[in-house]
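J.: run15.cif is reproduced in full below (mmCIF, C-alpha atoms).
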data_my_file
loop_
_atom_site.label_atom_id
_atom_site.label_comp_id
_atom_site.auth_asym_id
_atom_site.auth_seq_id
_atom_site.Cartn_x
_atom_site.Cartn_y
_atom_site.Cartn_z
CA MET A 290 5.84 11.99 18.51
CA TYR A 291 6.14 8.31 19.31
CA LEU A 292 4.23 5.56 17.59
CA VAL A 293 3.78 2.39 19.61
CA LEU A 294 2.79 -0.85 17.91
CA LYS A 295 0.59 -3.25 19.82
CA THR A 296 1.85 -6.81 19.75
CA LEU A 297 -0.54 -9.60 18.90
CA ILE A 298 -0.31 -12.75 21.01
CA PHE A 299 -0.94 -15.78 18.84
CA CYS A 300 -2.20 -18.67 20.94
CA LEU A 301 -2.96 -21.11 18.15
CA ILE A 302 -2.80 -21.11 14.40
CA SER A 303 -4.39 -24.15 12.83
CA PHE A 304 -4.60 -24.85 9.12
CA SER A 305 -7.19 -27.36 8.06
CA SER A 306 -7.44 -29.18 4.78
CA PHE A 307 -8.14 -26.92 1.84
CA SER A 308 -9.23 -27.11 -1.75
CA ASN A 309 -7.33 -25.81 -4.76
CA ASP A 310 -10.51 -25.59 -6.81
CA LEU A 311 -11.47 -22.05 -5.86
CA LYS A 312 -9.17 -19.37 -7.23
CA VAL A 313 -9.45 -15.87 -8.64
CA ARG A 314 -7.17 -15.28 -11.61
CA VAL A 315 -5.92 -11.73 -12.04
CA ASN A 316 -5.42 -10.82 -15.69
CA VAL A 317 -5.06 -7.65 -17.68
CA GLY A 318 -8.39 -5.88 -18.07
CA LYS A 319 -11.61 -6.01 -16.10
CA ILE A 320 -12.09 -8.96 -13.78
CA GLU A 321 -15.32 -10.46 -12.54
CA PRO A 322 -15.46 -10.16 -8.73
CA LEU A 323 -15.85 -13.42 -6.84
CA PRO A 324 -19.17 -13.68 -4.95
CA ILE A 325 -18.37 -14.10 -1.25
CA ALA A 326 -20.36 -14.01 1.98
CA ILE A 327 -18.84 -12.67 5.21
CA ALA A 328 -21.00 -13.57 8.19
CA ASP A 329 -21.13 -11.43 11.32
CA PHE A 330 -18.89 -12.97 13.98
CA THR A 331 -20.79 -14.50 16.91
CA ASP A 332 -20.11 -15.06 20.62
CA ASN A 333 -20.17 -18.27 22.71
CA ASN A 334 -23.96 -18.30 22.55
CA GLY A 335 -24.11 -18.02 18.79
CA LYS A 336 -25.32 -14.41 18.97
CA VAL A 337 -23.84 -11.54 16.98
CA SER A 338 -21.90 -9.12 19.19
CA LYS A 339 -20.96 -5.48 18.53
CA ILE A 340 -17.25 -6.27 18.17
CA GLY A 341 -18.10 -9.30 16.03
CA ARG A 342 -20.06 -7.11 13.63
CA LEU A 343 -17.21 -4.59 13.53
CA ILE A 344 -14.65 -7.28 12.63
CA SER A 345 -16.79 -8.71 9.83
CA SER A 346 -17.44 -5.17 8.54
CA VAL A 347 -13.71 -4.42 8.23
CA ILE A 348 -13.12 -7.76 6.46
CA THR A 349 -15.95 -6.97 4.06
CA ASN A 350 -14.64 -3.50 3.25
CA ASN A 351 -11.10 -4.80 2.71
CA LEU A 352 -12.11 -7.55 0.31
CA VAL A 353 -14.72 -5.57 -1.62
CA ASN A 354 -12.44 -2.53 -2.00
CA SER A 355 -9.74 -4.77 -3.48
CA GLY A 356 -11.98 -5.06 -6.53
CA GLN A 357 -11.75 -8.84 -6.57
CA PHE A 358 -14.76 -9.73 -4.43
CA LYS A 359 -18.50 -9.05 -4.44
CA ASN A 360 -20.18 -9.30 -1.05
CA THR A 361 -23.62 -10.79 -0.38
CA GLU A 362 -25.61 -8.89 2.24
CA THR A 363 -26.37 -10.79 5.44
CA ALA A 364 -30.09 -10.15 4.94
CA ALA A 365 -30.00 -12.65 2.07
CA PHE A 366 -28.61 -15.46 4.23
CA ILE A 367 -31.01 -18.39 4.58
CA ALA A 368 -29.46 -19.57 7.85
CA PRO A 369 -26.81 -17.20 9.33
CA PRO A 370 -23.83 -19.15 10.77
CA THR A 371 -23.68 -19.40 14.56
CA SER A 372 -20.12 -20.74 14.95
CA PRO A 373 -17.02 -21.21 12.75
CA SER A 374 -16.70 -24.78 14.07
CA VAL A 375 -20.09 -25.76 12.65
CA LYS A 376 -20.01 -26.99 9.07
CA PRO A 377 -22.44 -24.93 6.99
CA THR A 378 -25.25 -26.42 4.94
CA PHE A 379 -23.70 -25.77 1.55
CA SER A 380 -27.00 -26.11 -0.30
CA ASP A 381 -28.21 -22.97 1.54
CA TRP A 382 -25.46 -20.90 -0.09
CA THR A 383 -25.33 -22.29 -3.63
CA PRO A 384 -28.63 -20.69 -4.80
CA LEU A 385 -27.23 -17.28 -3.83
CA GLY A 386 -24.31 -17.76 -6.22
CA ILE A 387 -21.83 -17.57 -3.35
CA LYS A 388 -18.47 -19.25 -3.97
CA ALA A 389 -16.80 -18.68 -0.59
CA LEU A 390 -18.02 -18.13 2.96
CA VAL A 391 -16.24 -16.54 5.95
CA THR A 392 -17.53 -17.45 9.40
CA GLY A 393 -16.11 -16.47 12.77
CA SER A 394 -16.52 -15.93 16.48
CA VAL A 395 -15.14 -13.49 19.04
CA ASN A 396 -15.25 -14.09 22.78
CA GLU A 397 -14.10 -11.85 25.62
CA LEU A 398 -11.79 -13.55 28.13
CA ASN A 399 -12.50 -12.95 31.79
CA GLU A 400 -10.65 -10.09 33.54
CA SER A 401 -7.87 -9.88 30.96
CA ASN A 402 -9.06 -7.29 28.42
CA GLN A 403 -8.31 -9.89 25.78
CA ILE A 404 -10.46 -11.54 23.16
CA GLU A 405 -10.24 -14.88 21.42
CA VAL A 406 -11.05 -14.66 17.73
CA GLU A 407 -11.63 -17.66 15.48
CA PHE A 408 -12.47 -17.70 11.80
CA ARG A 409 -12.91 -20.24 9.04
CA LEU A 410 -13.01 -19.92 5.26
CA TRP A 411 -15.35 -22.32 3.44
CA ASP A 412 -15.25 -23.34 -0.22
CA ILE A 413 -18.92 -23.55 -1.18
CA VAL A 414 -18.14 -25.11 -4.56
CA ALA A 415 -16.00 -27.95 -3.20
CA GLU A 416 -18.01 -28.12 0.05
CA THR A 417 -14.96 -28.05 2.31
CA ASP A 418 -13.03 -25.71 4.58
CA MET A 419 -9.96 -23.97 3.18
CA ILE A 420 -8.31 -22.49 6.27
CA GLY A 421 -8.95 -21.96 9.97
CA LEU A 422 -7.32 -19.52 12.39
CA ARG A 423 -7.67 -18.92 16.12
CA LEU A 424 -5.80 -16.22 18.02
CA THR A 425 -5.90 -14.32 21.29
CA VAL A 426 -5.21 -10.58 21.29
CA ASP A 427 -5.66 -7.40 23.26
CA LYS A 428 -9.25 -6.22 22.81
CA ASN A 429 -8.10 -2.92 21.32
CA SER A 430 -6.37 -4.83 18.50
CA TRP A 431 -9.61 -6.14 17.00
CA ARG A 432 -9.16 -4.05 13.85
CA ARG A 433 -5.75 -5.53 13.16
CA VAL A 434 -7.21 -9.02 13.63
CA ALA A 435 -9.72 -8.18 10.90
CA HIS A 436 -6.87 -7.17 8.59
CA ILE A 437 -4.99 -10.42 9.28
CA ILE A 438 -8.12 -12.47 8.52
CA SER A 439 -8.60 -10.43 5.34
CA ASP A 440 -5.02 -11.24 4.29
CA GLU A 441 -5.49 -14.97 4.89
CA THR A 442 -8.75 -14.97 2.93
CA PHE A 443 -7.31 -12.92 0.08
CA GLU A 444 -4.27 -15.17 -0.29
CA ARG A 445 -6.27 -18.41 -0.28
CA LEU A 446 -8.73 -17.15 -2.88
CA THR A 447 -6.42 -15.23 -5.22
CA GLY A 448 -3.02 -16.89 -4.88
CA ASP A 449 -1.45 -13.46 -4.13
CA LYS A 450 -0.31 -12.31 -0.71
CA GLY A 451 -2.68 -10.01 1.13
CA TYR A 452 -1.89 -6.37 1.82
CA PHE A 453 -4.46 -5.33 4.43
CA ASP A 454 -2.28 -5.58 7.56
CA THR A 455 -0.20 -2.62 6.38
CA ARG A 456 0.06 1.12 6.86
CA ILE A 457 0.43 4.23 4.73
CA VAL A 458 2.71 7.13 5.56
CA TYR A 459 1.91 10.33 3.68
CA ILE A 460 2.04 14.13 3.72
CA SER A 461 -0.96 15.76 5.40
CA GLU A 462 -1.67 19.19 3.88
CA SER A 463 -3.76 22.06 5.20
CA GLY A 464 -4.04 25.83 4.84
CA PRO A 465 -4.19 28.20 1.85
CA THR A 466 -2.55 27.32 -1.45
CA ASN A 467 0.27 29.85 -1.02
CA ASN A 468 1.06 28.76 2.56
CA ARG A 469 0.45 25.05 2.93
CA LYS A 470 1.19 23.36 6.25
CA LYS A 471 2.67 19.92 5.59
CA ARG A 472 2.97 17.27 8.29
CA LEU A 473 4.13 13.68 8.23
CA ALA A 474 1.19 11.36 8.99
CA ILE A 475 0.49 7.64 9.15
CA MET A 476 -2.63 5.47 9.06
CA ASP A 477 -3.80 1.93 8.35
CA GLN A 478 -4.16 1.15 4.64
CA ASP A 479 -7.92 1.68 4.92
CA GLY A 480 -7.55 5.16 6.43
CA GLU A 481 -8.16 4.24 10.08
CA ASN A 482 -5.91 4.73 13.17
CA HIS A 483 -4.63 8.05 11.88
CA GLN A 484 -1.68 9.74 13.62
CA PHE A 485 0.55 12.75 12.95
CA LEU A 486 4.29 12.12 13.21
CA THR A 487 5.48 15.74 12.92
CA ASP A 488 3.93 18.98 14.17
CA GLY A 489 4.16 21.06 11.00
CA ASN A 490 6.81 23.48 12.28
CA PHE A 491 9.02 22.55 9.32
CA LEU A 492 8.32 21.39 5.79
CA VAL A 493 8.39 17.62 5.16
CA LEU A 494 8.19 15.91 1.77
CA THR A 495 8.05 12.53 0.04
CA PRO A 496 8.34 9.90 2.80
CA ARG A 497 9.42 6.40 1.75
CA PHE A 498 8.98 3.10 3.61
CA SER A 499 11.71 0.54 4.03
CA PRO A 500 10.63 -2.67 2.23
CA SER A 501 12.04 -4.80 5.04
CA THR A 502 11.48 -2.89 8.30
CA GLN A 503 9.04 -0.48 9.95
CA GLU A 504 11.22 2.50 9.11
CA ILE A 505 10.70 5.46 6.85
CA THR A 506 13.03 7.95 5.26
CA TYR A 507 11.85 11.44 4.41
CA LEU A 508 13.03 14.85 3.32
CA ALA A 509 12.66 17.81 5.70
CA TYR A 510 13.59 21.47 5.26
CA TYR A 511 15.27 22.96 8.32
CA ASN A 512 16.32 26.62 7.92
CA ASN A 513 15.59 26.16 4.20
CA GLU A 514 18.17 23.37 3.98
CA PRO A 515 17.02 19.90 2.87
CA ARG A 516 17.86 17.15 5.34
CA VAL A 517 17.29 13.40 5.08
CA TYR A 518 15.99 11.57 8.15
CA ILE A 519 15.24 7.97 9.07
CA PHE A 520 12.27 7.47 11.40
CA ASN A 521 11.91 4.15 13.29
CA LEU A 522 8.17 3.71 13.81
CA GLN A 523 8.55 1.03 16.48
CA THR A 524 10.81 3.09 18.75
CA GLY A 525 9.87 6.62 17.68
CA GLU A 526 13.56 7.44 17.21
CA GLN A 527 14.77 9.64 14.37
CA GLU A 528 18.24 9.75 12.85
CA LEU A 529 19.66 12.51 10.70
CA LEU A 530 21.51 11.02 7.74
CA GLY A 531 22.80 14.34 6.51
CA SER A 532 22.14 17.67 4.86
CA PHE A 533 21.98 17.74 1.08
CA PRO A 534 21.65 21.30 -0.28
CA GLY A 535 21.17 20.00 -3.83
CA MET A 536 18.59 17.34 -3.03
CA THR A 537 16.09 17.08 -5.88
CA PHE A 538 14.10 13.98 -4.93
CA ALA A 539 13.59 12.11 -1.67
CA PRO A 540 15.63 8.94 -1.17
CA ARG A 541 14.32 5.37 -1.34
CA PHE A 542 15.55 2.32 0.53
CA SER A 543 17.33 -0.61 -1.08
CA PRO A 544 15.44 -3.94 -0.85
CA ASP A 545 17.45 -5.05 2.20
CA GLY A 546 17.02 -1.66 3.92
CA GLY A 547 20.80 -1.25 4.26
CA SER A 548 21.21 1.68 1.92
CA ILE A 549 19.26 4.48 0.30
CA ILE A 550 19.32 5.74 -3.26
CA MET A 551 18.73 9.39 -4.11
CA SER A 552 19.44 12.18 -6.54
CA TYR A 553 20.84 15.63 -5.91
CA SER A 554 22.39 18.42 -7.86
CA ASP A 555 26.02 19.47 -7.70
CA LYS A 556 27.10 22.51 -9.71
CA GLY A 557 23.96 22.35 -11.81
CA ILE A 558 24.26 18.65 -12.64
CA THR A 559 21.73 16.22 -11.13
CA ASP A 560 22.91 12.63 -10.71
CA ILE A 561 21.99 9.52 -8.75
CA TYR A 562 23.85 8.44 -5.64
CA VAL A 563 23.59 5.51 -3.24
CA MET A 564 24.41 5.79 0.47
CA ASP A 565 25.32 3.02 2.90
CA ILE A 566 23.25 3.83 5.99
CA LYS A 567 25.58 2.33 8.62
CA LYS A 568 28.81 3.64 7.14
CA GLN A 569 27.14 6.79 5.75
CA LYS A 570 29.37 6.54 2.69
CA ILE A 571 28.02 7.91 -0.59
CA LYS A 572 28.75 6.49 -4.03
CA ARG A 573 27.90 8.24 -7.30
CA LEU A 574 26.12 6.02 -9.84
CA THR A 575 25.47 8.33 -12.82
CA ASN A 576 27.68 11.04 -14.28
CA ASN A 577 25.80 12.80 -17.01
CA SER A 578 25.14 16.40 -18.03
CA SER A 579 21.40 15.67 -18.04
CA ILE A 580 18.97 15.46 -15.10
CA ASP A 581 18.86 11.94 -13.62
CA THR A 582 16.36 11.60 -10.80
CA SER A 583 13.67 9.55 -8.92
CA PRO A 584 15.59 6.24 -8.72
CA SER A 585 14.01 2.99 -7.51
CA PHE A 586 15.60 -0.43 -6.96
CA SER A 587 14.27 -3.67 -8.38
CA PRO A 588 13.23 -6.09 -5.60
CA ASP A 589 16.41 -8.19 -6.07
CA GLY A 590 18.57 -5.06 -5.82
CA LYS A 591 20.33 -5.80 -9.10
CA LYS A 592 18.72 -3.08 -11.22
CA ILE A 593 17.60 0.53 -10.81
CA THR A 594 14.92 2.41 -12.72
CA PHE A 595 15.00 6.21 -12.93
CA ASN A 596 13.89 9.05 -15.16
CA SER A 597 16.19 11.27 -17.17
CA ASP A 598 16.09 13.85 -19.94
CA ARG A 599 19.37 12.62 -21.42
CA GLY A 600 17.55 11.68 -24.63
CA GLY A 601 16.00 15.13 -25.03
CA SER A 602 12.77 14.54 -23.10
CA GLN A 603 11.85 13.12 -19.71
CA GLN A 604 11.80 9.30 -20.06
CA ILE A 605 12.27 6.15 -17.97
CA TYR A 606 15.57 4.25 -17.96
CA VAL A 607 16.94 1.10 -16.34
CA MET A 608 20.55 0.42 -15.30
CA ASP A 609 22.37 -2.12 -13.14
CA GLU A 610 23.08 -1.48 -9.45
CA LYS A 611 26.53 -0.05 -10.27
CA GLY A 612 25.19 2.52 -12.73
CA ARG A 613 26.19 0.64 -15.87
CA ASN A 614 24.27 -0.73 -18.88
CA VAL A 615 21.82 2.18 -19.04
CA LYS A 616 18.83 1.49 -21.28
CA ARG A 617 15.78 3.60 -22.09
CA ILE A 618 12.51 1.65 -21.74
CA SER A 619 9.71 4.24 -22.29
CA TYR A 620 8.84 5.09 -25.89
CA GLY A 621 5.20 6.15 -25.77
CA LYS A 622 3.92 9.67 -26.39
CA GLY A 623 4.39 12.21 -23.62
CA ARG A 624 6.80 12.54 -20.71
CA TYR A 625 7.40 9.93 -18.00
CA ALA A 626 8.39 10.38 -14.35
CA THR A 627 8.59 8.77 -10.86
CA PRO A 628 9.13 5.13 -11.89
CA VAL A 629 8.70 2.65 -9.02
CA TRP A 630 9.54 -1.03 -9.29
CA SER A 631 6.86 -3.48 -8.15
CA PRO A 632 7.73 -5.66 -5.11
CA LYS A 633 7.07 -8.68 -7.33
CA GLY A 634 9.53 -7.40 -9.93
CA ASP A 635 7.12 -7.84 -12.82
CA LEU A 636 6.01 -4.23 -13.37
CA ILE A 637 7.20 -0.64 -13.10
CA ALA A 638 4.64 2.01 -12.14
CA PHE A 639 5.06 5.55 -13.40
CA THR A 640 3.52 9.01 -13.83
CA LYS A 641 2.86 10.10 -17.40
CA MET A 642 2.19 13.63 -18.70
CA LEU A 643 0.50 14.04 -22.08
CA LYS A 644 -1.40 17.04 -23.50
CA GLY A 645 -2.03 18.66 -20.13
CA THR A 646 -3.26 15.48 -18.44
CA PHE A 647 -1.48 13.29 -15.90
CA TYR A 648 -1.75 9.51 -15.78
CA ILE A 649 -0.70 6.68 -13.48
CA GLY A 650 0.38 3.63 -15.46
CA VAL A 651 2.38 0.42 -15.42
CA MET A 652 4.72 -1.26 -17.87
CA ASN A 653 6.91 -4.34 -17.97
CA PRO A 654 10.57 -3.85 -16.95
CA ASP A 655 11.59 -3.89 -20.62
CA GLY A 656 9.07 -1.13 -21.44
CA SER A 657 6.50 -3.34 -23.14
CA GLY A 658 2.86 -3.73 -22.15
CA GLU A 659 2.21 -0.13 -21.08
CA ARG A 660 -1.23 0.35 -19.48
CA LEU A 661 -2.73 3.56 -18.06
CA LEU A 662 -4.82 3.01 -14.91
CA ALA A 663 -5.81 6.48 -13.66
CA ARG A 664 -5.95 10.03 -15.05
CA GLY A 665 -6.59 13.59 -13.91
CA TYR A 666 -5.37 17.17 -13.91
CA LEU A 667 -2.58 16.25 -11.48
CA VAL A 668 -2.09 12.57 -10.62
CA GLU A 669 1.28 11.62 -9.15
CA GLY A 670 3.32 9.62 -6.67
CA PRO A 671 2.54 5.92 -7.26
CA THR A 672 3.42 3.54 -4.43
CA TRP A 673 3.00 -0.25 -4.41
CA ALA A 674 1.22 -2.46 -1.90
CA PRO A 675 3.66 -5.13 -0.68
CA ASN A 676 1.95 -7.80 -2.80
CA GLY A 677 2.59 -5.81 -6.00
CA ARG A 678 -1.05 -5.87 -7.08
CA VAL A 679 -2.42 -2.52 -5.84
CA LEU A 680 -1.20 1.04 -6.33
CA MET A 681 -1.84 4.17 -4.28
CA TYR A 682 -1.27 7.73 -5.53
CA PHE A 683 -2.63 11.26 -5.09
CA LYS A 684 -4.83 13.54 -7.19
CA GLN A 685 -5.29 17.31 -7.17
CA ASN A 686 -8.32 19.16 -8.55
CA ARG A 687 -8.05 21.30 -11.65
CA PRO A 688 -7.48 25.02 -10.76
CA ASN A 689 -10.19 26.34 -13.12
CA ASP A 690 -12.88 23.89 -11.95
CA LYS A 691 -15.50 26.17 -10.36
CA ASN A 692 -17.24 23.25 -8.66
CA LYS A 693 -14.19 22.01 -6.73
CA ASP A 694 -11.56 23.43 -4.39
CA PRO A 695 -8.42 23.76 -6.57
CA SER A 696 -6.13 23.09 -3.62
CA LYS A 697 -7.88 19.83 -2.69
CA VAL A 698 -5.57 16.80 -2.80
CA ASN A 699 -6.68 13.24 -2.04
CA LEU A 700 -5.25 9.73 -1.97
CA PHE A 701 -6.62 6.95 -4.17
CA LYS A 702 -5.82 3.28 -4.69
CA ILE A 703 -6.47 1.00 -7.64
CA ASP A 704 -5.90 -2.63 -8.61
CA VAL A 705 -3.31 -3.17 -11.37
CA THR A 706 -6.11 -4.33 -13.66
CA GLY A 707 -7.48 -0.79 -13.45
CA PHE A 708 -10.82 -2.24 -12.37
CA LYS A 709 -11.64 -0.41 -9.12
CA GLU A 710 -10.42 3.00 -7.98
CA VAL A 711 -11.10 3.80 -4.30
CA LYS A 712 -10.72 7.18 -2.59
CA ILE A 713 -9.02 7.10 0.83
CA ILE A 714 -10.64 9.38 3.41
CA THR A 715 -8.14 11.42 5.46
CA PRO A 716 -8.64 14.19 8.08
CA SER A 717 -7.17 16.79 5.72
CA ASP A 718 -5.65 16.92 2.24
CA ALA A 719 -3.14 14.17 1.54
CA SER A 720 -0.26 13.64 -0.90
CA ASP A 721 2.93 11.61 -1.44
CA PRO A 722 1.81 8.23 -0.03
CA ALA A 723 4.21 5.38 0.75
CA TRP A 724 3.04 1.83 1.49
CA SER A 725 4.56 -0.22 4.31
CA PRO A 726 5.51 -3.89 4.21
CA LEU A 727 3.26 -6.26 6.14
CA ILE A 728 3.39 -5.45 9.86
CA PRO A 729 5.44 -8.11 11.68
#
Go ahead and express the file in the form of structure tokens.

T.:
Amino acid sequence: MYLVLKTLIFCLISFSSFSNDLKVRVNVGKIEPLPIAIADFTDNNGKVSKIGRLISSVITNNLVNSGQFKNTETAAFIAPPTSPSVKPTFSDWTPLGIKALVTGSVNELNESNQIEVEFRLWDIVAETDMIGLRLTVDKNSWRRVAHIISDETFERLTGDKGYFDTRIVYISESGPTNNRKKRLAIMDQDGENHQFLTDGNFLVLTPRFSPSTQEITYLAYYNNEPRVYIFNLQTGEQELLGSFPGMTFAPRFSPDGGSIIMSYSDKGITDIYVMDIKKQKIKRLTNNSSIDTSPSFSPDGKKITFNSDRGGSQQIYVMDEKGRNVKRISYGKGRYATPVWSPKGDLIAFTKMLKGTFYIGVMNPDGSGERLLARGYLVEGPTWAPNGRVLMYFKQNRPNDKNKDPSKVNLFKIDVTGFKEVKIITPSDASDPAWSPLIP
């Protein structure tokens, strides 16, 4: 199946003067959401249109679901904005406690199936505009425009890059517990624009996005033999990298996308290997009688985190890119698995198992500062948003819970503060998510 990306045509990007006074600071622990107002986008006549309301609705959902913003309903507006070019009366917004205001317009261009979208972000506290953006796109790309506006707003108000103009690839599951049909699927980060990439005729597992391109690598079983593929989402082309009968965990890309790192078993010993994609040459990095698996590169490519039982129990380790200077970093109670380095390099996410309960947590690269963000009967597979501030993972219901389907598996995302967990709605059960970089 081919996946075609629609290209946005940017006619004008204009940045106006902005204030540094309004910022959201993300710290450990619960944060207080910033009060924000997102007005419905209007047309040339200052009237709210259907597509304008849809765009503002997507922006609202993106920002509120990030956990860092609290939206004010449009019914509370004293004077709803009619155009992003008109300076608002700031005194109308201050009594509502609003700190930032998003205004916008969307106009259909004659006989071209294109729309011109303009938005402006206003700092109510400093009484000035922070950023303006105008662009012309295909009408069917209105949802992506909303994600781009959400990213611009998020970055200006938090200081972190946005993550809304991204996608999630995952494993779609259906059927009975003893005969699950698993297909490769992809969607926008908010669960929209869902597509299946494989037909379910063969088992697929653990897809992983390249951090630098719109490519994924995944593990597929063909005639019961594990094979590693690379799937280019822009062209729809797939490339077989090879068959690995001892594959124990799906590969991940290096930061530059030029190689993949993986683990597989040879004669009962599981070690970590790195493979140059172009040359298809494999180099062994660990050589230990224990089980070394689930490797992940640091964003600079100089270090690798992985889990191993070489110390007697399953724990997280860090080594350099050549497999040297191995150091254990997890020392809490329980077992640790699936470490994944944050794109910012400041945290490592992991799965923890303790007394029959699974957790998703984060720690500093030296093992300090461990924090548990989510828990459940089975909670696994953390993946980072490209800004390194949001995690996605999957949860499965407890088998003996009479009130829930024990085979039910769903995706969730949460801010690294642990403040807001959001369930992602998918057409069927979903597991093993992987977050894309920002769409170019």

J.: Could you expand the PyMOL selection byres ((chain A and resi 699-714) around 9) into the explicit residues it covers here, written as a PDB file with C-alpha atoms, keeping the file's coordinate frame?

T.:
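Resulting contents of selection-v1.pdb:
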ATOM      1  CA  VAL A 315      -5.920 -11.730 -12.040  1.00  0.00           C
ATOM      2  CA  ASN A 316      -5.420 -10.820 -15.690  1.00  0.00           C
ATOM      3  CA  VAL A 317      -5.060  -7.650 -17.680  1.00  0.00           C
ATOM      4  CA  GLY A 318      -8.390  -5.880 -18.070  1.00  0.00           C
ATOM      5  CA  LYS A 319     -11.610  -6.010 -16.100  1.00  0.00           C
ATOM      6  CA  ILE A 320     -12.090  -8.960 -13.780  1.00  0.00           C
ATOM      7  CA  ASN A 354     -12.440  -2.530  -2.000  1.00  0.00           C
ATOM      8  CA  SER A 355      -9.740  -4.770  -3.480  1.00  0.00           C
ATOM      9  CA  GLY A 356     -11.980  -5.060  -6.530  1.00  0.00           C
ATOM     10  CA  GLN A 357     -11.750  -8.840  -6.570  1.00  0.00           C
ATOM     11  CA  GLN A 478      -4.160   1.150   4.640  1.00  0.00           C
ATOM     12  CA  ASP A 479      -7.920   1.680   4.920  1.00  0.00           C
ATOM     13  CA  GLY A 480      -7.550   5.160   6.430  1.00  0.00           C
ATOM     14  CA  GLU A 481      -8.160   4.240  10.080  1.00  0.00           C
ATOM     15  CA  GLY A 650       0.380   3.630 -15.460  1.00  0.00           C
ATOM     16  CA  VAL A 651       2.380   0.420 -15.420  1.00  0.00           C
ATOM     17  CA  ARG A 660      -1.230   0.350 -19.480  1.00  0.00           C
ATOM     18  CA  LEU A 661      -2.730   3.560 -18.060  1.00  0.00           C
ATOM     19  CA  LEU A 662      -4.820   3.010 -14.910  1.00  0.00           C
ATOM     20  CA  ALA A 663      -5.810   6.480 -13.660  1.00  0.00           C
ATOM     21  CA  GLY A 677       2.590  -5.810  -6.000  1.00  0.00           C
ATOM     22  CA  ARG A 678      -1.050  -5.870  -7.080  1.00  0.00           C
ATOM     23  CA  VAL A 679      -2.420  -2.520  -5.840  1.00  0.00           C
ATOM     24  CA  LEU A 680      -1.200   1.040  -6.330  1.00  0.00           C
ATOM     25  CA  MET A 681      -1.840   4.170  -4.280  1.00  0.00           C
ATOM     26  CA  TYR A 682      -1.270   7.730  -5.530  1.00  0.00           C
ATOM     27  CA  PHE A 683      -2.630  11.260  -5.090  1.00  0.00           C
ATOM     28  CA  LYS A 684      -4.830  13.540  -7.190  1.00  0.00           C
ATOM     29  CA  GLN A 685      -5.290  17.310  -7.170  1.00  0.00           C
ATOM     30  CA  ASN A 686      -8.320  19.160  -8.550  1.00  0.00           C
ATOM     31  CA  LYS A 697      -7.880  19.830  -2.690  1.00  0.00           C
ATOM     32  CA  VAL A 698      -5.570  16.800  -2.800  1.00  0.00           C
ATOM     33  CA  THR A 715      -8.140  11.420   5.460  1.00  0.00           C
ATOM     34  CA  PRO A 716      -8.640  14.190   8.080  1.00  0.00           C
ATOM     35  CA  SER A 717      -7.170  16.790   5.720  1.00  0.00           C
ATOM     36  CA  ASP A 718      -5.650  16.920   2.240  1.00  0.00           C
ATOM     37  CA  ALA A 719      -3.140  14.170   1.540  1.00  0.00           C
ATOM     38  CA  SER A 720      -0.260  13.640  -0.900  1.00  0.00           C
ATOM     39  CA  ASP A 721       2.930  11.610  -1.440  1.00  0.00           C
ATOM     40  CA  PRO A 722       1.810   8.230  -0.030  1.00  0.00           C
TER      41      PRO A 722
END

J.: Restricting the calculation to only C-alpha atoms, which member of A:Gln569, A:Asn653, A:Thr640, A:Ser463 is positioned closest to Gln604 of chain A?

T.: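 Checking each of A:Gln569, A:Asn653, A:Thr640, A:Ser463 against Gln604 of chain A, counting only C-alpha atoms, the winner is A:Thr640.
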
J.: Which segment 417-528 of chain A residues have any atom within 10 Å of an atom of segment 541-563 of chain A, and for each, what is the nearest pair of atoms with distance in Å to one decimal, counting all atoms listed in the file, rows sorted by chain and number, as CSV?

T.:
residue,atom,partner,partner_atom,distance
A:Thr495,CA,A:Arg541,CA,9.6
A:Pro496,CA,A:Arg541,CA,8.6
A:Arg497,CA,A:Arg541,CA,5.9
A:Phe498,CA,A:Phe542,CA,7.3
A:Ser499,CA,A:Phe542,CA,5.5
A:Pro500,CA,A:Pro544,CA,5.9
A:Ser501,CA,A:Gly546,CA,6.0
A:Thr502,CA,A:Gly546,CA,7.2
A:Glu504,CA,A:Gly546,CA,8.8
A:Ile505,CA,A:Phe542,CA,8.6
A:Thr506,CA,A:Arg541,CA,7.2
A:Tyr507,CA,A:Arg541,CA,8.7

J.: For the provided coordinates, the residues matched by the PyMOL selection byres ((chain A and resi 451) around 7) should be stated as a VMD selection string.

T.: chain A and resid 440 to 441 443 to 444 449 to 450 452 to 453 676

J.: Care to translate the PyMOL selection byres ((chain A and resi 634) around 8) into actual residues of this file, as a PyMOL selection string?

T.: chain A and resi 587-589+630-633+635-637+654

J.: Record the distance separating atom CA of Val615 of chain A and atom CA of Gly600 of chain A, expressed in Å with one decimal.

T.: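 Atom CA of Gly600 of chain A lies at a distance of 11.8 Å from atom CA of Val615 of chain A.
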
J.: Pick from A:Arg687, A:Lys572, A:Lys622, A:Lys616: nearest to Met642 of chain A, with only C-alpha atoms counted?

T.: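 Nearest to Met642 of chain A: A:Lys622.
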
J.: Dump as a ChimeraX atom specification all residues having an atom at most 6 Å from (5.0, 20.4, 6.0), computed in the file's coordinates with only C-alpha atoms.

T.: /A:470-472,489,491-493

J.: Select, from A:Val406, A:Ala435, A:Leu530, A:Ala415, the residue with the minimum atom-to-atom distance to Asn350 of chain A, counting all atoms listed in the file.

T.: A:Ala435

J.: Just the residues within 8 Å of Arg456 of chain A, please, counting all atoms listed in the file, with nothing from its chain fewer than 6 positions along; format it as a PyMOL selection string.

T.: chain A and resi 475-478+724-726+728
